[in-house]
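S.K.: This is query_21.tsv, which holds TSV, C-alpha atoms and all ligand atoms:
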```tsv
chain	number	residue	atom	x	y	z
A	5	MET	CA	-9.76	-1.41	15.55
A	6	SER	CA	-11.42	-1.62	12.13
A	7	GLU	CA	-14.15	0.67	13.55
A	8	LEU	CA	-11.58	3.45	13.81
A	9	TRP	CA	-10.75	3.09	10.14
A	10	ASP	CA	-14.43	2.83	9.22
A	11	ALA	CA	-14.87	6.24	10.82
A	12	GLU	CA	-12.00	7.60	8.67
A	13	ALA	CA	-13.51	6.31	5.45
A	14	PRO	CA	-15.92	9.16	4.54
A	15	SER	CA	-13.17	11.79	4.56
A	16	PHE	CA	-10.23	9.53	3.69
A	17	ASP	CA	-9.96	10.61	0.07
A	18	ASP	CA	-9.75	14.29	1.02
A	19	GLU	CA	-5.99	13.87	1.60
A	20	PRO	CA	-4.15	14.57	-1.66
A	21	ASP	CA	-2.24	11.27	-1.61
A	22	HIS	CA	-5.35	9.26	-0.72
A	23	GLY	CA	-7.91	10.45	-3.26
A	24	LEU	CA	-5.33	11.44	-5.93
A	25	ARG	CA	-7.81	14.03	-7.15
A	26	ASP	CA	-5.13	16.39	-8.43
A	27	PRO	CA	-4.03	15.11	-11.85
A	28	ALA	CA	-0.37	15.92	-11.11
A	29	THR	CA	-0.44	13.92	-7.87
A	30	ARG	CA	-2.24	11.03	-9.56
A	31	GLU	CA	0.32	11.03	-12.36
A	32	ALA	CA	3.20	11.08	-9.87
A	33	TRP	CA	1.86	7.98	-8.09
A	34	ARG	CA	1.14	6.23	-11.39
A	35	ASP	CA	4.70	6.90	-12.50
A	36	LEU	CA	6.19	5.84	-9.15
A	37	LEU	CA	4.29	2.55	-9.10
A	38	HIS	CA	5.14	1.85	-12.73
A	39	ARG	CA	8.81	2.24	-11.89
A	40	HIS	CA	8.72	-0.24	-9.03
A	41	LEU	CA	6.10	-2.82	-9.97
A	42	PRO	CA	6.57	-5.50	-12.62
A	43	GLU	CA	5.16	-4.65	-16.03
A	44	PRO	CA	1.41	-5.21	-16.52
A	45	PRO	CA	-0.27	-7.57	-16.84
A	46	ALA	CA	0.92	-8.72	-13.44
A	47	ARG	CA	-0.97	-9.90	-10.40
A	48	VAL	CA	-0.89	-7.48	-7.45
A	49	ALA	CA	-2.23	-7.86	-3.90
A	50	ASP	CA	-2.99	-4.42	-2.40
A	51	LEU	CA	-3.04	-5.10	1.34
A	52	GLY	CA	-4.81	-2.56	3.52
A	53	CYS	CA	-6.18	-1.07	0.31
A	54	GLY	CA	-8.35	1.55	2.00
A	55	THR	CA	-10.72	3.22	-0.45
A	56	GLY	CA	-9.02	1.39	-3.31
A	57	THR	CA	-7.43	4.38	-5.02
A	58	LEU	CA	-4.18	2.58	-5.85
A	59	SER	CA	-5.96	-0.68	-6.71
A	60	VAL	CA	-8.17	1.07	-9.25
A	61	LEU	CA	-5.31	3.12	-10.65
A	62	LEU	CA	-3.38	-0.11	-11.24
A	63	ALA	CA	-6.38	-1.91	-12.72
A	64	ASP	CA	-6.64	0.93	-15.23
A	65	GLU	CA	-3.01	0.26	-16.13
A	66	GLY	CA	-3.76	-3.38	-16.90
A	67	TYR	CA	-2.83	-5.05	-13.61
A	68	ALA	CA	-4.98	-7.74	-11.98
A	69	VAL	CA	-5.52	-6.47	-8.44
A	70	ASP	CA	-6.91	-8.05	-5.29
A	71	GLY	CA	-7.49	-5.51	-2.54
A	72	VAL	CA	-7.83	-6.51	1.12
A	73	ASP	CA	-8.93	-4.30	4.00
A	74	PHE	CA	-10.56	-5.06	7.33
A	75	ALA	CA	-12.71	-1.91	7.38
A	76	PRO	CA	-16.04	-2.51	5.61
A	77	GLU	CA	-16.57	1.22	5.03
A	78	MET	CA	-13.23	1.43	3.23
A	79	VAL	CA	-14.02	-1.60	1.09
A	80	ALA	CA	-17.49	-0.27	0.23
A	81	ARG	CA	-15.83	2.86	-1.18
A	82	ALA	CA	-13.22	0.82	-3.01
A	83	ARG	CA	-15.93	-1.27	-4.66
A	84	ALA	CA	-17.87	1.85	-5.65
A	85	LYS	CA	-14.68	3.37	-7.09
A	86	ALA	CA	-13.93	0.25	-9.11
A	87	GLY	CA	-17.46	0.00	-10.48
A	88	ASP	CA	-17.66	-2.76	-13.07
A	89	ARG	CA	-14.02	-2.53	-14.16
A	90	PRO	CA	-12.51	-5.89	-14.94
A	91	GLY	CA	-9.41	-7.09	-13.14
A	92	VAL	CA	-9.99	-5.68	-9.67
A	93	GLY	CA	-11.79	-7.08	-6.63
A	94	PHE	CA	-11.92	-6.42	-2.91
A	95	VAL	CA	-12.39	-8.50	0.21
A	96	VAL	CA	-12.99	-7.50	3.82
A	97	ALA	CA	-10.30	-9.32	5.78
A	98	GLU	CA	-7.21	-8.91	7.94
A	99	ALA	CA	-4.20	-7.67	6.00
A	100	ASP	CA	-1.87	-9.80	8.12
A	101	GLU	CA	-3.84	-12.97	7.26
A	102	PRO	CA	-5.08	-12.18	3.75
A	103	PRO	CA	-7.37	-14.87	2.30
A	104	LEU	CA	-5.37	-14.96	-0.93
A	105	SER	CA	-3.58	-17.83	-2.66
A	106	ALA	CA	0.06	-18.39	-1.77
A	107	HIS	CA	2.82	-18.14	-4.39
A	108	THR	CA	0.61	-16.47	-6.99
A	109	TYR	CA	1.32	-12.71	-6.81
A	110	ASP	CA	3.90	-10.86	-8.84
A	111	ALA	CA	3.78	-8.07	-6.29
A	112	VAL	CA	2.43	-7.39	-2.85
A	113	LEU	CA	1.78	-3.68	-2.55
A	114	SER	CA	1.01	-2.06	0.75
A	115	ARG	CA	0.94	1.66	1.44
A	116	HIS	CA	0.86	2.98	5.00
A	117	VAL	CA	-0.35	-0.24	6.59
A	118	LEU	CA	2.63	-2.22	7.98
A	119	TRP	CA	3.22	0.45	10.65
A	120	ALA	CA	-0.28	-0.21	12.05
A	121	LEU	CA	-0.01	-4.00	12.33
A	122	ARG	CA	0.57	-5.59	15.71
A	123	ASP	CA	2.86	-8.42	14.63
A	124	GLN	CA	4.84	-7.00	11.74
A	125	PRO	CA	7.29	-9.93	11.36
A	126	ALA	CA	4.39	-12.41	11.11
A	127	ALA	CA	2.57	-10.20	8.59
A	128	LEU	CA	5.67	-9.93	6.42
A	129	ARG	CA	6.19	-13.69	6.48
A	130	ARG	CA	2.62	-14.14	5.26
A	131	TRP	CA	3.06	-11.45	2.58
A	132	VAL	CA	6.23	-13.11	1.32
A	133	ASP	CA	4.27	-16.39	1.08
A	134	LEU	CA	1.88	-14.76	-1.36
A	135	LEU	CA	4.66	-14.04	-3.83
A	136	ALA	CA	5.44	-16.08	-6.91
A	137	ASP	CA	9.09	-17.07	-7.33
A	138	ASP	CA	10.20	-13.78	-8.86
A	139	GLY	CA	7.64	-11.66	-6.99
A	140	ARG	CA	8.44	-8.57	-4.98
A	141	LEU	CA	7.16	-6.63	-2.00
A	142	VAL	CA	6.54	-2.94	-2.68
A	143	LEU	CA	5.92	-1.10	0.57
A	144	VAL	CA	5.26	2.59	1.03
A	145	GLU	CA	5.78	3.66	4.61
A	146	GLY	CA	6.83	6.65	6.64
A	147	PHE	CA	7.78	7.98	10.02
A	148	TRP	CA	5.54	10.99	10.28
A	149	HIS	CA	5.84	14.28	12.11
A	150	THR	CA	3.06	13.02	14.38
A	151	GLY	CA	5.56	10.53	15.87
A	152	THR	CA	3.85	7.47	14.40
A	153	GLY	CA	4.99	5.17	11.64
A	154	LEU	CA	8.09	3.14	10.84
A	155	THR	CA	11.51	4.51	10.04
A	156	ALA	CA	13.12	3.19	6.86
A	157	THR	CA	15.85	1.62	8.99
A	158	ARG	CA	13.27	-0.35	10.96
A	159	THR	CA	11.38	-1.44	7.84
A	160	GLU	CA	14.61	-2.57	6.20
A	161	ALA	CA	15.49	-4.62	9.30
A	162	LEU	CA	12.05	-6.25	9.30
A	163	LEU	CA	12.43	-7.12	5.63
A	164	ARG	CA	15.89	-8.61	6.12
A	165	ASP	CA	14.50	-10.72	8.97
A	166	ALA	CA	11.82	-11.90	6.54
A	167	GLY	CA	14.56	-13.07	4.17
A	168	ARG	CA	14.24	-10.22	1.67
A	169	ALA	CA	16.84	-7.77	0.36
A	170	PRO	CA	15.38	-4.24	0.64
A	171	THR	CA	16.12	-1.25	-1.57
A	172	THR	CA	14.74	2.04	-0.31
A	173	TYR	CA	13.74	5.13	-2.28
A	174	ARG	CA	13.00	8.41	-0.52
A	175	LEU	CA	9.68	9.98	-1.48
A	176	ASP	CA	10.53	13.62	-0.96
A	177	ASP	CA	8.82	15.05	-4.05
A	178	PRO	CA	6.03	17.38	-2.80
A	179	VAL	CA	3.83	16.48	-5.76
A	180	LEU	CA	3.27	13.02	-4.22
A	181	TRP	CA	1.83	14.55	-1.07
A	182	GLY	CA	0.11	17.70	-2.23
A	183	GLY	CA	2.80	19.91	-0.69
A	184	PRO	CA	6.21	19.95	0.98
A	185	ILE	CA	6.86	17.37	3.67
A	186	ARG	CA	9.04	17.54	6.77
A	187	ASP	CA	9.22	13.92	7.75
A	188	GLU	CA	10.47	10.56	6.49
A	189	ARG	CA	8.52	8.96	3.62
A	190	TYR	CA	9.81	6.19	1.44
A	191	LEU	CA	9.12	3.22	-0.79
A	192	VAL	CA	10.92	-0.08	-0.29
A	193	VAL	CA	11.21	-2.84	-2.87
A	194	ALA	CA	12.24	-6.22	-1.51
A	201	LIG	C1	-3.50	4.77	6.10
A	201	LIG	S1	-4.71	3.75	5.38
A	201	LIG	C2	-3.96	3.36	3.80
A	201	LIG	C3	-4.95	2.92	2.76
A	201	LIG	C4	-4.36	2.64	1.38
A	201	LIG	N1	-3.31	1.64	1.46
A	201	LIG	C5	-3.82	3.90	0.78
A	201	LIG	O1	-2.61	4.09	0.79
A	201	LIG	O2	-4.62	4.72	0.28
A	201	LIG	C6	-4.53	2.23	6.26
A	201	LIG	C7	-5.54	1.19	5.81
A	201	LIG	O3	-5.15	-0.06	6.36
A	201	LIG	C8	-6.29	-0.72	6.85
A	201	LIG	N2	-5.83	-1.61	7.92
A	201	LIG	C9	-5.17	-1.29	9.05
A	201	LIG	N3	-4.91	-2.40	9.78
A	201	LIG	C10	-5.42	-3.44	9.07
A	201	LIG	C11	-5.48	-4.85	9.29
A	201	LIG	N4	-4.96	-5.41	10.38
A	201	LIG	N5	-6.07	-5.61	8.35
A	201	LIG	C12	-6.63	-5.04	7.25
A	201	LIG	N6	-6.61	-3.73	6.98
A	201	LIG	C13	-6.01	-2.94	7.89
A	201	LIG	C14	-7.22	0.39	7.33
A	201	LIG	O4	-8.58	-0.02	7.37
A	201	LIG	C15	-6.97	1.46	6.27
A	201	LIG	O5	-7.85	1.32	5.20
```
Do you think you could lay out the structure here as structure tokens?
M.R.:
Amino acid sequence: MSELWDAEAPSFDDEPDHGLRDPATREAWRDLLHRHLPEPPARVADLGCGTGTLSVLLADEGYAVDGVDFAPEMVARARAKAGDRPGVGFVVAEADEPPLSAHTYDAVLSRHVLWALRDQPAALRRWVDLLADDGRLVLVEGFWHTGTGLTATRTEALLRDAGRAPTTYRLDDPVLWGGPIRDERYLVVA
């Protein structure tokens, strides 16, 4: 399965919301994450971090970020993007069994990953374990026009089953995606 994502890696950042190359799109994601994450400095696990765009953006804001992804080609790009910045590191590993210390993260961030995991309840239990007492999950997910993904209703149910209280925010602003959208995209804090 990670081979499929390895194959996506070279062109992954071409999508506006992946590479955040447009300054307006980058600023929109920076602002969105600032609104929903604890204030920096805070410790963030970015699970299924891909090419590390969000990890690096957050490191530049003063967060301490550990990125995890099972696709070596994604992680190679994340490491190149981070360069020698302090406060950000990456590991090749399963997102549903991240080799990170329990009860130490102020936030677990995961964008567009939960939908792809086989055992979502087990993954969420593990992600909750990573959180410090007042930590929070910040998940960005969607149910896309392609027919894949997770509806907000389903994600909220999974989070309640994991013992968390979800609050969902619709992400309808075209600037986040590089253009208008016609499907369901959202961020959940729990
Ligand atoms: C749609 S991409 C999102 C990447 C990044 N979160 C972002 O928003 O730019 C999904 C990522 O999750 C990773 N992924 C999928 N299943 C995974 C798993 N079981 N363990 C670790 N990483 C996984 C893929 O390799 C890919 O990098």
S.K.: Output, as JSON, the centre and edge lengths in Å (one decimal) of the axis-aligned box that contains all listed atoms of ligand LIG 201 (chain A) with 6 Å of margin on each side.
M.R.:
```
{"center_x": -5.6, "center_y": -0.4, "center_z": 5.3, "size_x": 18.0, "size_y": 22.4, "size_z": 22.1}
```
S.K.: Here is a test: counting only C-alpha atoms, which residue of A:Gly23, A:Arg186, A:Leu135, A:Tyr173 is nearest to Ser105 of chain A?
M.R.: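 So, comparing all the options, the nearest one is A:Leu135.
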S.K.: Tell me which of A:Ser59, A:Arg25, A:Leu51, A:Ala82 sits closest to Ala13 of chain A, counting only C-alpha atoms.
M.R.: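 Closest to Ala13 of chain A of all the choices is A:Ala82.
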S.K.: Quick one: contact table of chain A to ligand LIG 201 (chain A), 10 Å max, nearest atom pair and distance in Å to one decimal per residue, counting all atoms listed in the file, chain and number order, as CSV?
M.R.:
```
residue,atom,partner,partner_atom,distance
A:Met5,CA,A:LIG201,N3,7.6
A:Ser6,CA,A:LIG201,O4,5.8
A:Glu7,CA,A:LIG201,O4,8.3
A:Leu8,CA,A:LIG201,O4,7.9
A:Trp9,CA,A:LIG201,O4,4.7
A:Asp10,CA,A:LIG201,O4,6.8
A:Ala11,CA,A:LIG201,O4,9.5
A:Glu12,CA,A:LIG201,O5,8.3
A:Ala13,CA,A:LIG201,O5,7.5
A:Phe16,CA,A:LIG201,O2,8.1
A:Asp17,CA,A:LIG201,O2,8.0
A:Glu19,CA,A:LIG201,O2,9.3
A:Asp21,CA,A:LIG201,O2,7.2
A:His22,CA,A:LIG201,O2,4.7
A:Gly23,CA,A:LIG201,O2,7.5
A:Leu24,CA,A:LIG201,O2,9.2
A:Asp50,CA,A:LIG201,N1,7.2
A:Leu51,CA,A:LIG201,N1,6.7
A:Gly52,CA,A:LIG201,O3,3.8
A:Cys53,CA,A:LIG201,N1,4.1
A:Gly54,CA,A:LIG201,O5,3.2
A:Thr55,CA,A:LIG201,O2,6.3
A:Gly56,CA,A:LIG201,O2,6.6
A:Thr57,CA,A:LIG201,O2,6.0
A:Leu58,CA,A:LIG201,O2,6.5
A:Ser59,CA,A:LIG201,C4,8.9
A:Gly71,CA,A:LIG201,N1,9.2
A:Val72,CA,A:LIG201,C12,6.4
A:Asp73,CA,A:LIG201,N6,3.8
A:Phe74,CA,A:LIG201,C12,3.9
A:Ala75,CA,A:LIG201,O4,4.5
A:Pro76,CA,A:LIG201,O4,8.1
A:Glu77,CA,A:LIG201,O4,8.4
A:Met78,CA,A:LIG201,O5,5.7
A:Val79,CA,A:LIG201,O5,8.0
A:Ala82,CA,A:LIG201,O5,9.8
A:Val95,CA,A:LIG201,C12,9.7
A:Val96,CA,A:LIG201,C12,7.6
A:Ala97,CA,A:LIG201,C12,5.8
A:Glu98,CA,A:LIG201,N5,3.5
A:Ala99,CA,A:LIG201,N5,3.6
A:Asp100,CA,A:LIG201,N4,5.8
A:Glu101,CA,A:LIG201,N5,7.8
A:Pro102,CA,A:LIG201,N5,8.1
A:Leu113,CA,A:LIG201,N1,8.4
A:Ser114,CA,A:LIG201,N1,5.7
A:Arg115,CA,A:LIG201,N1,4.3
A:His116,CA,A:LIG201,C1,4.8
A:Val117,CA,A:LIG201,O3,4.8
A:Leu118,CA,A:LIG201,N3,7.8
A:Trp119,CA,A:LIG201,N3,8.7
A:Ala120,CA,A:LIG201,N3,5.6
A:Leu121,CA,A:LIG201,N4,5.5
A:Arg122,CA,A:LIG201,N4,7.7
A:Asp123,CA,A:LIG201,N4,9.4
A:Ala127,CA,A:LIG201,N4,9.1
A:Leu143,CA,A:LIG201,N1,9.7
A:Val144,CA,A:LIG201,O1,8.0
A:Glu145,CA,A:LIG201,O1,9.2
```
S.K.: Ranking A:Gly93, A:Gly183, A:Gly167, A:Gly87 by minimum distance to Thr29 of chain A and counting only C-alpha atoms, which one comes first?
M.R.: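 Checking each candidate against Thr29 of chain A, we get A:Gly183 as the closest.
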S.K.: Separation of atom CA of Arg34 of chain A and atom CA of Pro90 of chain A, in Å?
M.R.: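 Rounded to one decimal, the two atoms are 18.6 Å apart.
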S.K.: Under the rule that only C-alpha atoms are counted, which of A:Ala32, A:Val132, A:Asp88, A:Asp138 is the nearest residue to Leu175 of chain A?
M.R.: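 The answer is A:Ala32, which sits nearest to Leu175 of chain A.
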S.K.: Using Å and a single decimal, report how far atom CA of Leu141 of chain A sits from atom CA of Leu162 of chain A.
M.R.: 12.3 Å
S.K.: Name the closest residue to Asp64 of chain A among the candidates A:Arg89, A:Arg81, A:Arg47, A:Arg39; distances are taken between atoms, counting only C-alpha atoms.
M.R.: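 Closest residue, counting only C-alpha atoms: A:Arg89.
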S.K.: Using all atoms listed in the file, which of A:Pro42, A:Gly153, A:Gly139, A:Pro20 sits nearest Asp187 of chain A?
M.R.: A:Gly153
S.K.: What does the structure give for the distance between atom CA of Thr172 of chain A and atom CA of Leu134 of chain A, in Å to one decimal?
M.R.: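 Separating atom CA of Thr172 of chain A from atom CA of Leu134 of chain A is a distance of 21.2 Å.
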